[in-house]
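The file upload.pdb comes next; it holds PDB, C-alpha atoms.
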ATOM      1  CA  MET A  27      38.324  -3.586  -2.832
ATOM      2  CA  ALA A  28      36.732  -1.859   0.140
ATOM      3  CA  GLY A  29      34.763   1.227  -0.832
ATOM      4  CA  PRO A  30      33.487   3.886   1.555
ATOM      5  CA  ASP A  31      29.948   2.476   1.197
ATOM      6  CA  ASP A  32      30.802  -0.965   2.513
ATOM      7  CA  ASN A  33      29.067  -1.987   5.707
ATOM      8  CA  ILE A  34      26.615   0.894   5.588
ATOM      9  CA  PRO A  35      23.190  -0.681   5.860
ATOM     10  CA  GLY A  36      21.049   0.181   2.869
ATOM     11  CA  ALA A  37      23.999   1.061   0.677
ATOM     12  CA  PRO A  38      23.991  -0.672  -2.706
ATOM     13  CA  LEU A  39      25.930  -3.885  -3.090
ATOM     14  CA  PRO A  40      29.641  -3.214  -3.704
ATOM     15  CA  ARG A  41      30.529  -2.658  -7.346
ATOM     16  CA  PRO A  42      32.669  -5.257  -9.043
ATOM     17  CA  ARG A  43      35.962  -4.189 -10.596
ATOM     18  CA  GLU A  44      34.833  -5.039 -14.150
ATOM     19  CA  GLY A  45      33.746  -2.529 -16.753
ATOM     20  CA  PHE A  46      30.374  -0.967 -17.388
ATOM     21  CA  GLY A  47      29.001  -3.846 -19.490
ATOM     22  CA  ALA A  48      29.790  -6.452 -16.888
ATOM     23  CA  THR A  49      28.228  -4.346 -14.142
ATOM     24  CA  VAL A  50      25.060  -3.908 -16.159
ATOM     25  CA  ARG A  51      24.863  -7.625 -16.929
ATOM     26  CA  ARG A  52      25.377  -8.445 -13.263
ATOM     27  CA  ASP A  53      22.711  -5.948 -12.143
ATOM     28  CA  LEU A  54      20.302  -7.316 -14.757
ATOM     29  CA  ARG A  55      20.846 -10.839 -13.465
ATOM     30  CA  ILE A  56      20.392  -9.837  -9.811
ATOM     31  CA  GLY A  57      17.364  -7.738 -10.775
ATOM     32  CA  VAL A  58      15.664 -10.574 -12.633
ATOM     33  CA  VAL A  59      16.336 -12.956  -9.746
ATOM     34  CA  ALA A  60      15.048 -10.436  -7.186
ATOM     35  CA  GLY A  61      12.044  -9.746  -9.441
ATOM     36  CA  LEU A  62      11.166 -13.412  -9.803
ATOM     37  CA  GLN A  63      11.668 -13.978  -6.069
ATOM     38  CA  THR A  64       9.372 -11.062  -5.241
ATOM     39  CA  PHE A  65       6.875 -12.195  -7.857
ATOM     40  CA  TRP A  66       6.805 -15.641  -6.247
ATOM     41  CA  ASP A  67       6.497 -14.128  -2.731
ATOM     42  CA  LEU A  68       3.536 -12.056  -3.866
ATOM     43  CA  THR A  69       1.969 -14.930  -5.802
ATOM     44  CA  LYS A  70       1.955 -17.159  -2.738
ATOM     45  CA  VAL A  71      -0.100 -14.668  -0.746
ATOM     46  CA  MET A  72      -2.094 -12.928  -3.460
ATOM     47  CA  ILE A  73      -3.657 -15.941  -5.150
ATOM     48  CA  PRO A  74      -5.232 -17.444  -2.003
ATOM     49  CA  ALA A  75      -6.335 -13.942  -0.995
ATOM     50  CA  TYR A  76      -7.878 -13.453  -4.422
ATOM     51  CA  GLY A  77      -9.753 -16.764  -4.042
ATOM     52  CA  ILE A  78     -11.172 -15.603  -0.703
ATOM     53  CA  THR A  79     -12.160 -12.286  -2.256
ATOM     54  CA  LEU A  80     -13.950 -14.005  -5.111
ATOM     55  CA  ALA A  81     -15.755 -16.354  -2.716
ATOM     56  CA  LEU A  82     -16.890 -13.398  -0.575
ATOM     57  CA  GLU A  83     -18.283 -11.761  -3.676
ATOM     58  CA  GLN A  84     -20.092 -14.834  -4.976
ATOM     59  CA  LEU A  85     -21.538 -15.722  -1.556
ATOM     60  CA  GLY A  86     -23.293 -12.358  -1.519
ATOM     61  CA  VAL A  87     -21.256 -10.995   1.374
ATOM     62  CA  ILE A  88     -20.803  -7.668  -0.413
ATOM     63  CA  GLY A  89     -24.546  -7.058  -0.601
ATOM     64  CA  ARG A  90     -25.058  -7.880   3.065
ATOM     65  CA  LEU A  91     -22.147  -5.719   4.216
ATOM     66  CA  ALA A  92     -23.384  -2.853   2.050
ATOM     67  CA  ASN A  93     -26.825  -3.084   3.682
ATOM     68  CA  ALA A  94     -25.208  -2.974   7.104
ATOM     69  CA  ALA A  95     -23.114   0.051   6.111
ATOM     70  CA  ARG A  96     -26.069   2.062   4.729
ATOM     71  CA  PRO A  97     -26.789   4.083   7.919
ATOM     72  CA  LEU A  98     -23.111   5.064   8.100
ATOM     73  CA  MET A  99     -23.350   6.839   4.756
ATOM     74  CA  GLU A 100     -25.356   9.663   6.295
ATOM     75  CA  ALA A 101     -22.362  10.685   8.419
ATOM     76  CA  LEU A 102     -20.432  11.104   5.154
ATOM     77  CA  GLY A 103     -23.166  13.150   3.533
ATOM     78  CA  LEU A 104     -23.775  10.334   1.041
ATOM     79  CA  PRO A 105     -26.895   8.481  -0.085
ATOM     80  CA  GLY A 106     -27.352   4.968   1.353
ATOM     81  CA  ASP A 107     -26.602   3.402  -2.037
ATOM     82  CA  ALA A 108     -23.036   4.740  -1.808
ATOM     83  CA  ALA A 109     -22.365   1.873   0.619
ATOM     84  CA  VAL A 110     -22.261  -0.470  -2.393
ATOM     85  CA  PRO A 111     -19.167   0.999  -4.146
ATOM     86  CA  LEU A 112     -17.518   1.434  -0.758
ATOM     87  CA  VAL A 113     -17.897  -2.235   0.187
ATOM     88  CA  VAL A 114     -17.099  -3.348  -3.374
ATOM     89  CA  GLY A 115     -13.876  -1.355  -3.033
ATOM     90  CA  TYR A 116     -13.077  -2.900   0.358
ATOM     91  CA  VAL A 117     -13.525  -6.460  -0.867
ATOM     92  CA  LEU A 118     -12.484  -6.136  -4.517
ATOM     93  CA  ASN A 119     -10.514  -3.146  -5.777
ATOM     94  CA  ILE A 120     -10.645   0.451  -6.909
ATOM     95  CA  TYR A 121     -11.664  -0.382 -10.471
ATOM     96  CA  ALA A 122     -14.658  -2.420  -9.303
ATOM     97  CA  ALA A 123     -15.616   0.378  -6.903
ATOM     98  CA  VAL A 124     -15.440   2.990  -9.659
ATOM     99  CA  GLY A 125     -17.540   0.714 -11.851
ATOM    100  CA  SER A 126     -20.317   0.543  -9.282
ATOM    101  CA  MET A 127     -20.060   4.293  -8.632
ATOM    102  CA  GLN A 128     -21.113   4.918 -12.228
ATOM    103  CA  ALA A 129     -24.567   3.611 -11.338
ATOM    104  CA  LEU A 130     -25.071   6.355  -8.739
ATOM    105  CA  ASP A 131     -26.000   9.978  -9.234
ATOM    106  CA  LEU A 132     -23.543  11.855  -7.011
ATOM    107  CA  THR A 133     -22.487  15.488  -6.731
ATOM    108  CA  ALA A 134     -18.822  16.424  -7.199
ATOM    109  CA  ARG A 135     -18.464  16.829  -3.423
ATOM    110  CA  GLN A 136     -19.967  13.394  -2.796
ATOM    111  CA  VAL A 137     -17.660  11.818  -5.385
ATOM    112  CA  THR A 138     -14.680  13.400  -3.608
ATOM    113  CA  VAL A 139     -15.768  12.224  -0.139
ATOM    114  CA  LEU A 140     -16.394   8.686  -1.375
ATOM    115  CA  ALA A 141     -13.072   8.765  -3.265
ATOM    116  CA  VAL A 142     -11.168   9.612  -0.064
ATOM    117  CA  ALA A 143     -12.746   6.676   1.807
ATOM    118  CA  ILE A 144     -12.128   4.218  -1.044
ATOM    119  CA  LEU A 145      -8.584   5.433  -1.782
ATOM    120  CA  ILE A 146      -7.548   4.742   1.816
ATOM    121  CA  GLY A 147      -9.409   1.438   2.180
ATOM    122  CA  HIS A 148      -9.594  -0.926  -0.786
ATOM    123  CA  ASN A 149      -8.591  -4.394  -1.942
ATOM    124  CA  LEU A 150      -8.229  -5.256   1.735
ATOM    125  CA  VAL A 151      -7.869  -9.025   1.384
ATOM    126  CA  VAL A 152      -5.149  -9.042  -1.261
ATOM    127  CA  GLU A 153      -3.247  -5.999   0.055
ATOM    128  CA  GLY A 154      -3.676  -7.302   3.604
ATOM    129  CA  ALA A 155      -1.972 -10.497   2.477
ATOM    130  CA  VAL A 156       0.951  -8.439   1.136
ATOM    131  CA  LEU A 157       1.267  -6.573   4.458
ATOM    132  CA  HIS A 158       1.115  -9.947   6.208
ATOM    133  CA  LYS A 159       4.037 -11.084   4.076
ATOM    134  CA  ALA A 160       5.968  -7.987   5.174
ATOM    135  CA  GLY A 161       5.451  -9.118   8.777
ATOM    136  CA  MET A 162       2.415  -7.074   9.800
ATOM    137  CA  ASN A 163      -1.041  -8.280  10.837
ATOM    138  CA  GLY A 164      -3.236  -8.091   7.732
ATOM    139  CA  PHE A 165      -6.497  -8.093   9.718
ATOM    140  CA  VAL A 166      -5.449  -5.212  11.959
ATOM    141  CA  PHE A 167      -4.314  -3.197   8.955
ATOM    142  CA  GLY A 168      -7.574  -3.949   7.124
ATOM    143  CA  ALA A 169      -9.549  -2.654  10.096
ATOM    144  CA  LEU A 170      -7.242   0.357  10.367
ATOM    145  CA  ARG A 171      -7.782   1.270   6.721
ATOM    146  CA  VAL A 172     -11.576   1.014   6.999
ATOM    147  CA  VAL A 173     -11.720   3.138  10.165
ATOM    148  CA  ALA A 174      -9.080   5.675   9.085
ATOM    149  CA  GLY A 175     -10.638   5.937   5.604
ATOM    150  CA  LEU A 176     -14.124   6.614   6.970
ATOM    151  CA  ALA A 177     -12.718   9.099   9.483
ATOM    152  CA  ALA A 178     -10.784  10.882   6.726
ATOM    153  CA  ALA A 179     -13.944  11.058   4.607
ATOM    154  CA  ILE A 180     -16.032  12.425   7.495
ATOM    155  CA  VAL A 181     -13.415  15.090   8.281
ATOM    156  CA  ALA A 182     -13.101  15.989   4.575
ATOM    157  CA  ASN A 183     -16.871  16.344   4.256
ATOM    158  CA  GLN A 184     -17.042  18.617   7.308
ATOM    159  CA  LEU A 185     -14.111  20.753   6.117
ATOM    160  CA  MET A 186     -15.632  21.082   2.641
ATOM    161  CA  GLY A 187     -18.799  22.361   4.306
ATOM    162  CA  LEU A 188     -16.810  25.201   5.870
ATOM    163  CA  PHE A 189     -15.435  26.604   2.629
TER     164      PHE A 189
ATOM    165  CA  MET B  16     -18.899 -23.960  -8.805
ATOM    166  CA  THR B  17     -17.513 -24.275 -12.331
ATOM    167  CA  GLU B  18     -18.403 -20.613 -12.729
ATOM    168  CA  PHE B  19     -16.358 -19.819  -9.614
ATOM    169  CA  LEU B  20     -13.402 -21.889 -10.795
ATOM    170  CA  ARG B  21     -13.496 -20.283 -14.210
ATOM    171  CA  SER B  22     -13.460 -16.732 -12.816
ATOM    172  CA  PHE B  23     -10.803 -17.752 -10.291
ATOM    173  CA  ALA B  24      -8.585 -19.123 -13.061
ATOM    174  CA  THR B  25      -8.949 -16.145 -15.407
ATOM    175  CA  GLY B  26      -8.784 -13.624 -12.563
ATOM    176  CA  SER B  27      -5.668 -15.236 -11.069
ATOM    177  CA  LEU B  28      -3.933 -15.280 -14.433
ATOM    178  CA  ASP B  29      -4.835 -11.649 -14.986
ATOM    179  CA  LEU B  30      -3.550 -10.700 -11.514
ATOM    180  CA  LEU B  31      -0.340 -12.694 -11.888
ATOM    181  CA  LEU B  32       0.350 -11.243 -15.309
ATOM    182  CA  ARG B  33      -0.152  -7.705 -14.027
ATOM    183  CA  VAL B  34       2.070  -8.279 -10.981
ATOM    184  CA  PHE B  35       4.719  -9.971 -13.113
ATOM    185  CA  LEU B  36       4.786  -7.206 -15.722
ATOM    186  CA  ILE B  37       5.238  -4.562 -13.026
ATOM    187  CA  VAL B  38       7.342  -6.304 -10.378
ATOM    188  CA  VAL B  39      10.094  -7.741 -12.575
ATOM    189  CA  PRO B  40      10.792  -4.471 -14.476
ATOM    190  CA  ILE B  41      10.707  -2.491 -11.189
ATOM    191  CA  MET B  42      13.199  -4.870  -9.589
ATOM    192  CA  VAL B  43      15.497  -4.833 -12.621
ATOM    193  CA  ALA B  44      15.335  -1.032 -12.858
ATOM    194  CA  LEU B  45      15.932  -0.742  -9.117
ATOM    195  CA  GLU B  46      18.983  -3.005  -9.343
ATOM    196  CA  LEU B  47      20.368  -1.102 -12.343
ATOM    197  CA  PHE B  48      19.859   2.395 -10.973
ATOM    198  CA  GLU B  49      20.148   1.838  -7.222
ATOM    199  CA  GLY B  50      23.867   2.568  -7.286
ATOM    200  CA  THR B  51      23.708   5.598  -9.589
ATOM    201  CA  ARG B  52      24.204   9.102  -8.282
ATOM    202  CA  ALA B  53      20.877  10.332  -9.686
ATOM    203  CA  PHE B  54      18.836   7.576  -8.031
ATOM    204  CA  ARG B  55      20.560   8.046  -4.708
ATOM    205  CA  ALA B  56      19.943  11.785  -4.940
ATOM    206  CA  VAL B  57      16.209  11.159  -5.469
ATOM    207  CA  VAL B  58      16.111   8.668  -2.592
ATOM    208  CA  ARG B  59      18.016  11.074  -0.329
ATOM    209  CA  TRP B  60      15.591  13.869  -1.245
ATOM    210  CA  TRP B  61      12.652  11.563  -0.491
ATOM    211  CA  ALA B  62      14.336  10.421   2.737
ATOM    212  CA  ARG B  63      14.489  14.055   3.910
ATOM    213  CA  ILE B  64      10.696  14.219   3.471
ATOM    214  CA  VAL B  65       9.732  10.878   5.028
ATOM    215  CA  ARG B  66      12.142  11.478   7.906
ATOM    216  CA  HIS B  67       9.325  13.559   9.391
ATOM    217  CA  VAL B  68       7.179  10.455   9.862
ATOM    218  CA  GLY B  69      10.063   8.525  11.401
ATOM    219  CA  LEU B  70      11.442   6.655   8.381
ATOM    220  CA  ASP B  71      15.209   6.337   7.923
ATOM    221  CA  GLU B  72      17.207   6.316   4.688
ATOM    222  CA  ARG B  73      17.040   2.529   4.252
ATOM    223  CA  SER B  74      13.243   2.708   4.243
ATOM    224  CA  ALA B  75      13.128   5.555   1.741
ATOM    225  CA  ALA B  76      13.406   3.440  -1.445
ATOM    226  CA  PRO B  77      10.659   0.897  -0.600
ATOM    227  CA  THR B  78       8.413   3.736   0.590
ATOM    228  CA  LEU B  79       8.963   5.683  -2.625
ATOM    229  CA  ILE B  80       8.166   2.635  -4.791
ATOM    230  CA  GLY B  81       4.983   1.928  -2.812
ATOM    231  CA  PHE B  82       3.970   5.586  -2.808
ATOM    232  CA  LEU B  83       4.300   5.823  -6.586
ATOM    233  CA  PHE B  84       3.355   2.363  -7.868
ATOM    234  CA  GLY B  85       1.256   0.644  -5.205
ATOM    235  CA  LEU B  86       1.208  -1.310  -1.996
ATOM    236  CA  ALA B  87       1.826  -4.704  -3.560
ATOM    237  CA  TYR B  88       4.932  -3.479  -5.399
ATOM    238  CA  GLY B  89       6.226  -1.413  -2.468
ATOM    239  CA  GLY B  90       5.446  -4.386  -0.218
ATOM    240  CA  GLY B  91       7.524  -6.551  -2.534
ATOM    241  CA  VAL B  92      10.500  -4.201  -2.174
ATOM    242  CA  ILE B  93       9.936  -4.107   1.593
ATOM    243  CA  VAL B  94      10.067  -7.906   1.717
ATOM    244  CA  ARG B  95      13.265  -7.840  -0.362
ATOM    245  CA  ASP B  96      14.920  -5.186   1.811
ATOM    246  CA  VAL B  97      13.850  -6.820   5.075
ATOM    247  CA  ARG B  98      15.696  -9.849   3.786
ATOM    248  CA  ARG B  99      18.675  -7.908   2.439
ATOM    249  CA  HIS B 100      19.189  -5.082   4.916
ATOM    250  CA  ASP B 101      17.372  -6.356   7.998
ATOM    251  CA  LEU B 102      15.047  -3.348   8.318
ATOM    252  CA  GLY B 103      13.843  -3.140  11.901
ATOM    253  CA  ARG B 104      10.299  -4.012  12.905
ATOM    254  CA  ARG B 105       9.651  -0.397  13.821
ATOM    255  CA  GLN B 106      10.595   0.749  10.319
ATOM    256  CA  VAL B 107       8.396  -1.905   8.702
ATOM    257  CA  PHE B 108       5.505  -0.846  10.936
ATOM    258  CA  ILE B 109       5.878   2.841  10.038
ATOM    259  CA  MET B 110       6.189   2.042   6.316
ATOM    260  CA  SER B 111       3.143  -0.215   6.434
ATOM    261  CA  VAL B 112       0.978   2.382   8.160
ATOM    262  CA  PHE B 113       2.062   5.174   5.820
ATOM    263  CA  LEU B 114       1.679   3.080   2.665
ATOM    264  CA  SER B 115      -1.641   1.592   3.725
ATOM    265  CA  MET B 116      -2.990   5.163   3.933
ATOM    266  CA  VAL B 117      -1.509   6.389   0.666
ATOM    267  CA  HIS B 118      -0.030   4.412  -2.222
ATOM    268  CA  ALA B 119      -0.099   4.357  -6.003
ATOM    269  CA  VAL B 120      -0.763   8.104  -5.896
ATOM    270  CA  VAL B 121      -0.590   8.482  -9.655
ATOM    271  CA  GLU B 122      -2.743   5.612 -10.890
ATOM    272  CA  ASP B 123      -5.313   5.442  -8.080
ATOM    273  CA  SER B 124      -5.793   9.200  -7.910
ATOM    274  CA  LEU B 125      -6.202   9.555 -11.680
ATOM    275  CA  ILE B 126      -9.102   7.088 -11.698
ATOM    276  CA  PHE B 127     -11.071   9.253  -9.289
ATOM    277  CA  LEU B 128     -10.005  12.531 -10.864
ATOM    278  CA  ALA B 129     -11.515  11.173 -14.079
ATOM    279  CA  LEU B 130     -14.790  10.762 -12.181
ATOM    280  CA  GLY B 131     -14.694  14.412 -11.138
ATOM    281  CA  ALA B 132     -13.156  14.212  -7.654
ATOM    282  CA  SER B 133     -11.110  17.203  -6.486
ATOM    283  CA  ILE B 134      -7.336  16.830  -6.809
ATOM    284  CA  PHE B 135      -6.700  18.678  -3.536
ATOM    285  CA  TRP B 136      -8.700  16.224  -1.421
ATOM    286  CA  VAL B 137      -7.685  13.118  -3.333
ATOM    287  CA  VAL B 138      -3.935  13.848  -3.326
ATOM    288  CA  VAL B 139      -2.835  16.607  -0.920
ATOM    289  CA  TYR B 140      -5.349  15.936   1.858
ATOM    290  CA  ARG B 141      -4.708  12.184   1.654
ATOM    291  CA  ILE B 142      -0.928  12.623   2.017
ATOM    292  CA  VAL B 143      -1.371  14.952   5.021
ATOM    293  CA  TRP B 144      -3.846  12.493   6.544
ATOM    294  CA  ALA B 145      -1.426   9.604   5.994
ATOM    295  CA  ALA B 146       1.360  11.522   7.739
ATOM    296  CA  LEU B 147      -0.862  12.392  10.711
ATOM    297  CA  VAL B 148      -2.149   8.815  11.107
ATOM    298  CA  THR B 149       1.414   7.483  10.855
ATOM    299  CA  LEU B 150       2.693   9.851  13.543
ATOM    300  CA  ALA B 151      -0.276   9.109  15.826
ATOM    301  CA  LEU B 152       0.004   5.332  15.508
ATOM    302  CA  THR B 153       3.794   5.360  15.927
ATOM    303  CA  ALA B 154       3.385   7.344  19.150
ATOM    304  CA  LEU B 155       0.645   4.963  20.281
ATOM    305  CA  ALA B 156       2.772   1.920  19.488
ATOM    306  CA  ALA B 157       5.674   3.429  21.446
ATOM    307  CA  VAL B 158       3.439   3.918  24.499
ATOM    308  CA  VAL B 159       2.047   0.378  24.260
ATOM    309  CA  LEU B 160       5.537  -1.083  23.904
ATOM    310  CA  ARG B 161       6.873   0.933  26.859
ATOM    311  CA  ARG B 162       3.945  -0.196  29.057
ATOM    312  CA  ARG B 163       4.498  -3.799  28.065
ATOM    313  CA  ARG B 164       8.210  -3.545  28.843
ATOM    314  CA  LEU B 165       7.523  -1.945  32.246
ATOM    315  CA  ARG B 166       5.033  -4.701  33.060
ATOM    316  CA  ASP B 167       7.573  -7.342  32.085
ATOM    317  CA  VAL B 168      10.222  -5.654  34.241
ATOM    318  CA  ARG B 169       7.867  -5.557  37.230
ATOM    319  CA  ARG B 170       7.078  -9.203  36.739
ATOM    320  CA  GLY B 171      10.789  -9.812  36.774
ATOM    321  CA  ASP B 172      11.011 -11.292  33.282
TER     322      ASP B 172
END
Re-express the file's structure as structure tokens.
Amino acid sequence: MAGPDDNIPGAPLPRPREGFGATVRRDLRIGVVAGLQTFWDLTKVMIPAYGITLALEQLGVIGRLANAARPLMEALGLPGDAAVPLVVGYVLNIYAAVGSMQALDLTARQVTVLAVAILIGHNLVVEGAVLHKAGMNGFVFGALRVVAGLAAAIVANQLMGLF
Amino acid sequence: MTEFLRSFATGSLDLLLRVFLIVVPIMVALELFEGTRAFRAVVRWWARIVRHVGLDERSAAPTLIGFLFGLAYGGGVIVRDVRRHDLGRRQVFIMSVFLSMVHAVVEDSLIFLALGASIFWVVVYRIVWAALVTLALTALAAVVLRRRRLRDVRRGD
């Protein structure tokens, strides 16, 4: 049974001739298989990446990177200590970054600027591994997210100063 | 070292559980609804928006999943669709740039809104920024690729 959608790339798989129940059962089966396959794909890259992340944290790399990033914070209109949640976000994830932001006393504007930088660049090792799996270079994308995130935060801070 | 192994074990389990509980339902839901008229209408509507950053209709579904739920989940759908529909490298590049700038808009944004960040900068500004960066990098990649091809032609490859 050739439908109009056949051969169009991106069109759903052709429907079988059976009734609604059979279609649903078939979709469920394909969905579970695709889900497990994707889960396994992600597991293979995420678990090693998570191990690296954890090692970076326990070796004190976060503290050293945060110290190096301190002078940069001025360009964002942030106190030097704001480098800590930023780097925690880069290496770990958004939740960890938010946790370490609680320790700081920031104005609403500073929270927003820091949020922009962290929302664009975070969880770089694990998410970089996912991008790598999709066929991109995880290192290049990690660097891109750090640079583009800081640039976005600097621009946001300047624009907020205008209004 | 035992401390490291213990946090690695519990952390990995936690991560795997979270990915499992999100990825499998998303994939099942996607498979169930992908063929329905309503889903295709949403994807077509989304495709009309992301067309402006150079994404075609095949890339619309993975981009939408990543935009709403997160890079890992969108990345998972990208991997599936690369396998299933042979998305071109250019499309994967554009999707990756766009999603690496903005993803999981609901969950990630809410965390910072709870801290008192402004919704305009965290959501609207970030989406505009993502679009601009995507357009800029796509143009840059096109120039680099054209140069490389010209050089190869001159070399006689």
**Request:** With the file shown as input, list the residues that the ChimeraX specification (/A :<7) & /B selects, as an MDAnalysis selection string.
**Result:** chainID B and resid 23 27 31 34:35 38:39 42:43 46:47 49:50 73 86:87 90:91 93:94 100 111 115:117 127 131:133 136:137
Go ahead and write the residues just picked, C-alpha atoms, as a short mmCIF file (atom, residue, chain, number, x, y, z; two decimals), in the coordinates of the input.
data_model
loop_
_atom_site.label_atom_id
_atom_site.label_comp_id
_atom_site.auth_asym_id
_atom_site.auth_seq_id
_atom_site.Cartn_x
_atom_site.Cartn_y
_atom_site.Cartn_z
CA PHE B 23 -10.80 -17.75 -10.29
CA SER B 27 -5.67 -15.24 -11.07
CA LEU B 31 -0.34 -12.69 -11.89
CA VAL B 34 2.07 -8.28 -10.98
CA PHE B 35 4.72 -9.97 -13.11
CA VAL B 38 7.34 -6.30 -10.38
CA VAL B 39 10.09 -7.74 -12.58
CA MET B 42 13.20 -4.87 -9.59
CA VAL B 43 15.50 -4.83 -12.62
CA GLU B 46 18.98 -3.00 -9.34
CA LEU B 47 20.37 -1.10 -12.34
CA GLU B 49 20.15 1.84 -7.22
CA GLY B 50 23.87 2.57 -7.29
CA ARG B 73 17.04 2.53 4.25
CA LEU B 86 1.21 -1.31 -2.00
CA ALA B 87 1.83 -4.70 -3.56
CA GLY B 90 5.45 -4.39 -0.22
CA GLY B 91 7.52 -6.55 -2.53
CA ILE B 93 9.94 -4.11 1.59
CA VAL B 94 10.07 -7.91 1.72
CA HIS B 100 19.19 -5.08 4.92
CA SER B 111 3.14 -0.22 6.43
CA SER B 115 -1.64 1.59 3.72
CA MET B 116 -2.99 5.16 3.93
CA VAL B 117 -1.51 6.39 0.67
CA PHE B 127 -11.07 9.25 -9.29
CA GLY B 131 -14.69 14.41 -11.14
CA ALA B 132 -13.16 14.21 -7.65
CA SER B 133 -11.11 17.20 -6.49
CA TRP B 136 -8.70 16.22 -1.42
CA VAL B 137 -7.68 13.12 -3.33
#
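Of the residues under consideration (B:Leu160, B:Tyr88, B:Ala75, B:Met110), B:Ala75 shows the shortest atom-to-atom contact distance to Trp60 of chain B when counting only C-alpha atoms.
Coordinates place atom CA of Ala76 of chain B at a distance of 29.2 Å from atom CA of Arg161 of chain B.
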**Prompt:** Any chance you could work out the residue set of the PyMOL selection byres ((chain A and resi 111) around 10) here, as a ChimeraX atom specification?
**Reply:** /A:88,92,107-110,112-130,140-141,144
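Atom pair atom CA of Arg105 of chain B / atom CA of Thr153 of chain B has a distance of 8.5 Å (rounded to one decimal).
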**Request:** Could you give me, as a ChimeraX atom specification, the residues that have an atom at most 12 Å away from the point (12.5, 7.3, 9.8) in the coordinates of the file, using all atoms listed in the file?
**Result:** /B:61-76,78,102-110,113,149-150,153
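The environment of Ile180 of chain A within 8 Å, counting only C-alpha atoms and disregarding residues fewer than 4 places along the same chain, consists of Ala101, Leu102, Val139, Leu176 and Gln184 of chain A.
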**Prompt:** With only C-alpha atoms as the atoms that count, which of A:Leu91, A:Leu132, A:Val166, A:Leu85 lies nearest to Pro105 of chain A?
**Reply:** A:Leu132
**Request:** Using atom CA of Val138 of chain B and atom CA of Arg59 of chain B as the two end points, give the distance in Å to one decimal.
**Result:** 22.3 Å
**Item:** Pick from B:Ala56, B:Val97, B:Ala146, B:Ala44, whichever lies nearest to Ile80 of chain B using all atoms listed in the file
**Value:**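 Once distances to Ile80 of chain B are computed over all atoms listed in the file, the minimum belongs to B:Ala44.
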